[in-house]
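S.K.: The structure is given below, and queries will be raised subsequently.
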Amino acid sequence: MPLDKDPLILESCTKEQLKQIAEHYEIELVSTKVVYMRQELGNKEWKFEYELERLKLEAQIKREEREFQLEKLKLEQEKVRLESEQKTRVELEKEKTKQMEIEANKFVAAQRREREVHSESTPLPAAYDHKAREKEVPQFCPEESESFFEHFEKVATLRQWPEEDWAQLVQIRLTGAAREAYTQLSLEDCKNYWTVKNSVLRSFLLTPEAYRKRFREMVKTQRSTYAETARDLERRFQRWMGSEKVESFKDLKQLMLIEKFLEMVTPDTRFKVQEAGIKKVKDAADRADMITEAYKSLRENRSEAKEILYAKDQWKNEVNNRGGR
């Protein structure tokens with residue numbers, strides 16, 4: 001009977017008969033041990049490849065993490081360096097201001113001695129009457145604090161008021177934030193007009209950037225004439241230039257170039273460049289490129305780290321799934 005008619009007939013055949021049938025049909029006989037060994041060999045080969053890929057992935061993750069930490073360290077060091085530079089500039093500015101105050105005090109002291117010598121033989125004029133002077137002190141306006149001091153200095157100079165009396169005279173008109181800034185000064189500083197003036201102006205955040213915005217954002221009001229507007233515009237420009245310490249055409253050129261350049265960078269980069277106190281457009285461009293490259297590298301490292309972590313999670317899920325099977 002053919003085998004395809006009754007395949008169950010093979011179950012009743014002996015081992016010798018099965019060999020003869022296999023030889024007749026040219027069937028290769030493979031023992032169960034050989035089959036099992038082949039399966040084991042295949043499993044071991046798969047596990048070896050799998051373990052090799054896992055080790056490669058882990059090595060790549062560690063390498064990327066080291067690079068990420070290195071770049072992070074570089075950015076932190078750059079931040080510390082910038083902060084140190086800023087601190088040094090602030091200290092130098094304080095030292096310069098202190099030196100100016102010392103020189104001003106020396107000048108005032110010299111004038112006082114000269115007046116004392118003069119007063120021994122000459123009576124004081126009526127203009128030295130304190131009550132009369134108070135009436136001529138201009139009114140203080142927070143929005144025009146610079147104009148207040150400019151007006152006062154002109155009046156005091158024309159009336160020949162002693163400079164050591166200026167601080168006492170000017171404080172009677174201060175209000176609001178200006179009065180608060182004055183009260184926070186020491187008794188010794190309250191006697192120095194220039195210290196009082198600088199403290200009041202700082203309380204209104206009158207930085208070079210603030211002066212720049214006042215000039216750039218100025219508009220003509222309905223109450224003012226074109227002549228008045230032109231004078232106000234010129235005054236704001238001079239204050240801006242004075243705050244930036246512009247003394248030559250070269251300084252003015254760099255200031256205009258940097259202002260235009262900073263309009264083309266991101267807010268974060270603009271802040272860091274301004275914080276560095278850079279005065280030349282080339283230096284500003286170099287600093288902006290350095291900051292941009294640092295941010296770009298940091299973003300790429302973060303993106304690669306996320307991809308690596310995602311691949312790692314996928315690999316873990318695959319291992320778990322294969323283990324379950």
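Note on naming: chains are A, B, ... as they come in the structure tokens, residues start from 1 per chain, ligands start from 1 in the order shown.
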Show me, as a list in words, the residues that have an atom within 10 Å of Phe152 in chain A when counting only C-alpha atoms, minus same-chain residues fewer than 6 positions from it.
M.R.: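 Returned residues: Glu136, Val137, Pro138, Gln139, Phe140, Glu146, Leu158, Trp166, Leu169 and Val170 of chain A.
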S.K.: From a DSSP calculation on the backbone, collect every residue of range 147-277 of chain A in helix (DSSP H, G or I) and output the set as number ranges by chain.
M.R.: A: 147-158, 163-173, 176-183, 187-190, 193-203, 208-216, 226-243, 249-262, 267-275
S.K.: With only C-alpha atoms as the atoms that count, which of A:Glu26, A:Glu16, A:Glu180, A:Glu144 lies nearest to Ser199 in chain A?
M.R.: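 Closest residue, counting only C-alpha atoms: A:Glu180.
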S.K.: List the neighbours of range 201-216 of chain A out to 10 Å using only C-alpha atoms; skip same-chain residues closer than 6 positions along the sequence, and give me the result as a CSV table (one decimal) with N, CA, C and O atoms, in the first residue's frame.
M.R.:
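Generated file (part.csv):
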```csv
chain,number,residue,atom,x,y,z
A,142,PRO,N,9.8,112.6,38.6
A,142,PRO,CA,10.5,111.3,38.5
A,142,PRO,C,10.8,111.0,37.0
A,142,PRO,O,11.8,110.4,36.7
A,143,GLU,N,9.9,111.4,36.1
A,143,GLU,CA,10.1,111.1,34.7
A,143,GLU,C,11.2,111.9,34.1
A,143,GLU,O,11.7,111.6,33.0
A,145,SER,N,14.2,113.1,35.9
A,145,SER,CA,15.1,113.2,37.0
A,145,SER,C,16.4,113.8,36.6
A,145,SER,O,17.1,114.6,37.3
A,146,GLU,N,16.9,113.5,35.3
A,146,GLU,CA,18.2,114.1,34.8
A,146,GLU,C,18.0,115.6,34.7
A,146,GLU,O,18.9,116.3,35.0
A,149,PHE,N,18.3,117.6,37.9
A,149,PHE,CA,19.7,117.8,38.4
A,149,PHE,C,20.4,118.8,37.5
A,149,PHE,O,21.2,119.6,38.0
A,177,ALA,N,10.6,107.2,44.9
A,177,ALA,CA,11.7,106.4,44.9
A,177,ALA,C,13.0,107.1,45.1
A,177,ALA,O,14.0,106.6,45.7
A,178,ALA,N,13.1,108.4,44.6
A,178,ALA,CA,14.2,109.2,44.8
A,178,ALA,C,14.5,109.5,46.3
A,178,ALA,O,15.6,109.5,46.8
A,179,ARG,N,13.4,109.8,47.0
A,179,ARG,CA,13.5,110.0,48.5
A,179,ARG,C,13.9,108.7,49.2
A,179,ARG,O,14.8,108.8,50.1
A,180,GLU,N,13.4,107.6,48.7
A,180,GLU,CA,13.8,106.3,49.3
A,180,GLU,C,15.3,106.0,49.1
A,180,GLU,O,16.0,105.6,50.0
A,181,ALA,N,15.8,106.3,47.9
A,181,ALA,CA,17.3,106.2,47.6
A,181,ALA,C,18.1,107.1,48.5
A,181,ALA,O,19.2,106.7,49.0
A,182,TYR,N,17.6,108.3,48.7
A,182,TYR,CA,18.4,109.2,49.6
A,182,TYR,C,18.4,108.7,51.0
A,182,TYR,O,19.5,108.8,51.7
A,232,ASP,N,14.6,118.4,22.8
A,232,ASP,CA,14.5,117.3,23.7
A,232,ASP,C,15.2,116.1,23.0
A,232,ASP,O,15.8,115.3,23.7
A,233,LEU,N,15.1,115.9,21.7
A,233,LEU,CA,15.7,114.8,21.0
A,233,LEU,C,17.2,114.9,21.2
A,233,LEU,O,17.9,113.9,21.4
A,234,GLU,N,17.8,116.1,21.0
A,234,GLU,CA,19.2,116.3,21.1
A,234,GLU,C,19.7,116.0,22.6
A,234,GLU,O,20.7,115.4,22.8
A,235,ARG,N,18.9,116.5,23.5
A,235,ARG,CA,19.2,116.3,24.9
A,235,ARG,C,19.3,114.8,25.3
A,235,ARG,O,20.2,114.3,25.9
A,236,ARG,N,18.3,114.0,24.8
A,236,ARG,CA,18.2,112.6,25.0
A,236,ARG,C,19.4,111.9,24.3
A,236,ARG,O,20.0,110.9,24.9
A,237,PHE,N,19.8,112.4,23.1
A,237,PHE,CA,20.9,111.8,22.4
A,237,PHE,C,22.2,112.0,23.2
A,237,PHE,O,23.0,111.1,23.4
A,238,GLN,N,22.4,113.2,23.7
A,238,GLN,CA,23.6,113.5,24.5
A,238,GLN,C,23.7,112.7,25.8
A,238,GLN,O,24.8,112.3,26.2
A,239,ARG,N,22.5,112.5,26.4
A,239,ARG,CA,22.5,111.6,27.6
A,239,ARG,C,22.9,110.2,27.3
A,239,ARG,O,23.6,109.6,28.1
A,240,TRP,N,22.4,109.7,26.2
A,240,TRP,CA,22.8,108.4,25.8
A,240,TRP,C,24.3,108.3,25.5
A,240,TRP,O,24.9,107.3,25.9
A,241,MET,N,24.8,109.2,24.7
A,241,MET,CA,26.2,109.2,24.4
A,241,MET,C,27.1,109.3,25.7
A,241,MET,O,28.1,108.7,25.8
A,242,GLY,N,26.6,110.2,26.6
A,242,GLY,CA,27.3,110.3,27.9
A,242,GLY,C,27.4,109.0,28.7
A,242,GLY,O,28.4,108.7,29.3
A,243,SER,N,26.2,108.3,28.7
A,243,SER,CA,26.2,107.1,29.5
A,243,SER,C,27.1,106.0,28.9
A,243,SER,O,27.6,105.1,29.6
A,244,GLU,N,27.2,106.1,27.5
A,244,GLU,CA,28.1,105.1,26.8
A,244,GLU,C,29.5,105.6,26.7
A,244,GLU,O,30.4,104.8,26.2
A,245,LYS,N,29.8,106.8,27.3
A,245,LYS,CA,31.2,107.3,27.3
A,245,LYS,C,31.7,107.5,25.8
A,245,LYS,O,32.9,107.1,25.6
A,259,GLU,N,24.6,98.5,18.0
A,259,GLU,CA,23.1,98.6,18.2
A,259,GLU,C,22.4,97.9,17.1
A,259,GLU,O,21.4,97.1,17.3
A,274,GLN,N,25.5,92.1,25.8
A,274,GLN,CA,25.4,93.4,26.5
A,274,GLN,C,26.0,93.3,27.9
A,274,GLN,O,26.6,94.2,28.4
```
S.K.: Just give me the gap between CA of Ser297 in chain A and CA of Asp268 in chain A in Å, one decimal is fine.
M.R.: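 Result for CA of Ser297 in chain A versus CA of Asp268 in chain A: 15.9 Å, one decimal.
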S.K.: Quick one: distance from CA of Val219 in chain A to CA of Pro267 in chain A in Å, one decimal?
M.R.: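 We find that CA of Val219 in chain A and CA of Pro267 in chain A lie 25.1 Å from each other.
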